[in-house]
Amino acid sequence: MKSILDYETVSLIDEDDAIEIIDQTLLPGKIELIRLHTAKEIWDAIYLLQVRGAPAIGVTAGFGIYLLMKHSKADTFEKFMEEFSEKSDYLNSSRPTAVNLSWALKRMKEHVNKEYADYTDEISSCDSEEGKSFEKIREVLVKKMREESEKIKAEDIDVCRRIGENGLTLIKDGFGILTHCNAGQLATCKYGTATAPMYLAHERGMNIKVYCDETRPLLQGARLTAFELQSAGIDTTLLCDNMSASLMKTGAVNAIFVGCDRVAANGDAANKIGTSVVATVAKRYNVPFYVCAPTSTIDINTPTGDAINIEQRKPEEVTEMWYKERMAPEGVKVYNPAFDVTDNELITGIVTEYGVLHAPYDEAIRKVFR
Ligand code: MRU
């Protein structure tokens, strides 16, 4: 029987001008693939967390902007780019914290500009009037956008695999590993970031136990991480978020691996709400705390965690969602930030595709970007 790991998190269905995703709001009860065609459908799918996790959001944005520009009727490059910016700004407004969203859109924009410059250079000396028409140029640009969006996806798979290899060096046979939220295959195109070392350890016959925080309020740990790890045959235990201190105190946790949505230039890392609690407790019990981050999640233009825009979400996610009936008193005030920032001094290492970075992080990060 097909397991959740046999499905693609995000894929491009060219013949239907659509992005196909697994609707993650229905997991684990139902595996349903849905197709997104319009800008509004893509925006909603990202906002509603039907597709979620920083890298998967980036891949969706790349495919999204390609599809939205595919049938552009712009008759000049300036008009084409105006339309691009308008659509890109709209997609970018769906969620603020994961930098991969703006990263992917910016990468697509830079690619279009570069391809336009290269194409016009190449064509300027030739006689073909047809090649010089903007209709022809637009066709070339759209084709290049498609290639680039598929490249973002292919790179995500490769980068996650490399994070897995680098993270694996921090795991020993018999380890108990705690994770928070879902930085798994469902948050990327394969392997995940925080789960990549776990999948590789399991693949290589190591005996590991993984503890998944349920991750209130949207339960990504319970619904997604526990589901995908269990489907892979990994020894998986679920716990409520407020149980991790008691678990760490028993000595059952040898390392913590989490993902992240944006790492600032000084190594402060924004991840799903509750991550900084886990990191603080880990310090108390001397458990190494690792943040797994593709370099596309490192934002060198954000100096510290204080400058990261933390998404605030609807109160109903706390008071009603997942319950048969509303479980909190009507009218109560709700605090519902989707992410928090873990201070760099609580982080033992940042696992990237280029290796494991250690403090001082500003220096280590600068070196990677150089
Ligand atoms: O709100 P979500 O589900 O998109 O939050 C996801 C996380 O916080 C992940 O840990 C992060 O995006 C890294 S995914 C590899």
# chains A, B, ... in the order shown; residues from 1 in each chain; ligands from 1
>>> select_by_dssp(residues="region 143-260 of chain A", states="helix (DSSP H, G or I)", output="CSV table (one decimal) with C-alpha atoms, in the first residue's frame")
chain,number,residue,atom,x,y,z
A,143,LYS,CA,10.1,28.7,-20.4
A,144,LYS,CA,13.1,29.8,-18.3
A,145,MET,CA,10.8,30.4,-15.3
A,146,ARG,CA,9.5,26.9,-15.5
A,147,GLU,CA,13.1,25.5,-15.5
A,148,GLU,CA,14.0,27.7,-12.6
A,149,SER,CA,11.0,26.7,-10.5
A,150,GLU,CA,11.7,23.0,-11.1
A,151,LYS,CA,15.4,23.7,-10.1
A,152,ILE,CA,14.3,25.2,-6.8
A,153,LYS,CA,12.4,21.9,-6.1
A,154,ALA,CA,15.3,19.7,-7.2
A,155,GLU,CA,17.7,21.7,-5.1
A,156,ASP,CA,15.5,21.3,-2.1
A,157,ILE,CA,15.7,17.5,-2.3
A,158,ASP,CA,19.5,17.6,-2.7
A,159,VAL,CA,19.9,20.2,0.2
A,160,CYS,CA,17.7,18.2,2.6
A,161,ARG,CA,19.7,15.0,1.8
A,162,ARG,CA,23.0,16.9,2.6
A,163,ILE,CA,21.5,18.3,5.8
A,164,GLY,CA,20.7,14.7,6.6
A,165,GLU,CA,24.3,13.6,6.1
A,166,ASN,CA,25.6,16.4,8.1
A,167,GLY,CA,23.1,15.9,10.9
A,168,LEU,CA,23.8,12.2,11.0
A,185,GLN,CA,9.2,15.4,4.2
A,186,LEU,CA,5.8,17.1,4.3
A,187,ALA,CA,7.5,20.5,4.9
A,196,ALA,CA,16.6,14.0,7.3
A,197,PRO,CA,19.2,12.8,9.8
A,198,MET,CA,16.5,10.5,11.3
A,199,TYR,CA,15.5,9.0,8.0
A,200,LEU,CA,19.2,8.4,7.1
A,201,ALA,CA,19.9,6.9,10.5
A,202,HIS,CA,17.0,4.6,10.1
A,203,GLU,CA,18.0,3.7,6.5
A,220,GLN,CA,1.8,19.6,13.1
A,221,GLY,CA,3.9,17.2,15.4
A,222,ALA,CA,0.9,14.9,16.1
A,223,ARG,CA,-0.7,15.0,12.7
A,224,LEU,CA,2.3,15.2,10.4
A,225,THR,CA,5.6,14.3,12.0
A,226,ALA,CA,4.3,11.3,14.0
A,227,PHE,CA,2.5,10.2,10.8
A,228,GLU,CA,5.4,10.4,8.5
A,229,LEU,CA,8.0,8.9,10.9
A,230,GLN,CA,5.7,6.0,11.8
A,231,SER,CA,5.0,5.4,8.1
A,241,ASP,CA,4.2,20.1,24.4
A,242,ASN,CA,4.2,20.6,28.1
A,243,MET,CA,5.7,17.1,28.6
A,244,SER,CA,9.2,17.6,27.1
A,245,ALA,CA,10.8,18.8,30.3
A,246,SER,CA,9.8,15.7,32.2
A,247,LEU,CA,11.0,13.5,29.3
A,248,MET,CA,14.4,15.3,29.2
A,249,LYS,CA,14.8,14.9,32.9
>>> residues_near_ligand(ligand="ligand 1", cutoff="7 Å", atoms="only C-alpha atoms and all ligand atoms", output="PyMOL selection string")
chain A and resi 49+52-55+98+181-184+187-188+192-194+220+258-261+271-272+338-339
>>> write_last_selection(atoms="C-alpha atoms", output="mmCIF file, in the first residue's frame")
data_model
loop_
_atom_site.group_PDB
_atom_site.id
_atom_site.type_symbol
_atom_site.label_atom_id
_atom_site.label_comp_id
_atom_site.auth_asym_id
_atom_site.auth_seq_id
_atom_site.Cartn_x
_atom_site.Cartn_y
_atom_site.Cartn_z
ATOM 1 C CA LEU A 49 -1.448 25.540 5.870
ATOM 2 C CA ARG A 52 3.303 24.496 4.860
ATOM 3 C CA GLY A 53 6.862 24.303 6.114
ATOM 4 C CA ALA A 54 9.383 26.881 4.940
ATOM 5 C CA PRO A 55 10.987 24.981 2.012
ATOM 6 C CA ALA A 98 9.293 31.837 6.543
ATOM 7 C CA CYS A 181 6.521 20.799 14.785
ATOM 8 C CA ASN A 182 7.002 19.230 11.373
ATOM 9 C CA ALA A 183 10.268 19.839 9.607
ATOM 10 C CA GLY A 184 9.778 16.586 7.757
ATOM 11 C CA ALA A 187 7.510 20.472 4.922
ATOM 12 C CA THR A 188 9.939 19.977 2.022
ATOM 13 C CA GLY A 192 12.696 17.112 5.506
ATOM 14 C CA THR A 193 15.358 19.099 7.311
ATOM 15 C CA ALA A 194 15.173 18.091 10.990
ATOM 16 C CA GLN A 220 1.839 19.563 13.089
ATOM 17 C CA VAL A 258 14.184 21.166 14.859
ATOM 18 C CA GLY A 259 13.638 23.033 11.616
ATOM 19 C CA CYS A 260 13.375 26.774 11.191
ATOM 20 C CA ASP A 261 11.577 29.439 9.202
ATOM 21 C CA ASN A 271 10.632 28.293 14.318
ATOM 22 C CA LYS A 272 7.193 27.016 15.310
ATOM 23 C CA ALA A 338 2.733 31.012 15.050
ATOM 24 C CA PHE A 339 6.461 31.190 15.726
#
>>> residues_around(residues="Ile350 (chain A)", least_positions_apart="5", cutoff="10 Å", atoms="only C-alpha atoms", output="list in words")
Ile163, Gly167, Phe257, Val258, Gly259, Cys260, Val263, Gly267, Ala269, Phe289, Tyr290, Val291, Cys292, Ala293, Pro294, Asn344, Gly355, Val356, Leu357, His358, Ala359, Tyr361, Ala364 and Ile365 of chain A
>>> closest_residue(among="A:Lys136, A:Arg366, A:Lys2, A:His71", to="Ala264 (chain A)", atoms="only C-alpha atoms")
A:Arg366
>>> residues_around(residues="Thr236 (chain A)", least_positions_apart="2", cutoff="6 Å", atoms="only C-alpha atoms", output="compact mmCIF listing (two decimals) with N, CA and C atoms, in the first residue's frame")
# COMPACT_ATOMS: atom_id res chain seq x y z
N VAL A 210 12.32 8.36 18.22
CA VAL A 210 12.01 9.78 18.01
C VAL A 210 10.79 10.18 18.83
N TYR A 211 10.93 11.27 19.55
CA TYR A 211 9.84 11.83 20.34
C TYR A 211 9.33 13.07 19.61
N GLN A 230 6.28 7.38 11.57
CA GLN A 230 5.71 6.05 11.82
C GLN A 230 5.57 5.29 10.48
N ILE A 234 9.94 4.16 11.76
CA ILE A 234 10.81 4.66 12.84
C ILE A 234 10.05 4.57 14.16
>>> residues_around(residues="region 5-12 of chain A", least_positions_apart="6", cutoff="6 Å", atoms="only C-alpha atoms", output="VMD selection string")
chain A and resid 19 to 22 186 189
>>> select_by_dssp(residues="region 114-358 of chain A", states="strand (DSSP E or B)", output="VMD selection string")
chain A and resid 176 to 179 209 to 213 235 to 239 255 to 258 262 to 264 269 to 272 289 to 292 298 to 299 312 337 339 to 342 349 to 352 355 to 357
>>> atom_distance(atom1="CA of Val142 (chain A)", atom2="CA of Asp23 (chain A)")
27.4 Å
>>> atom_distance(atom1="CA of Ala117 (chain A)", atom2="CA of Ala39 (chain A)")
27.4 Å
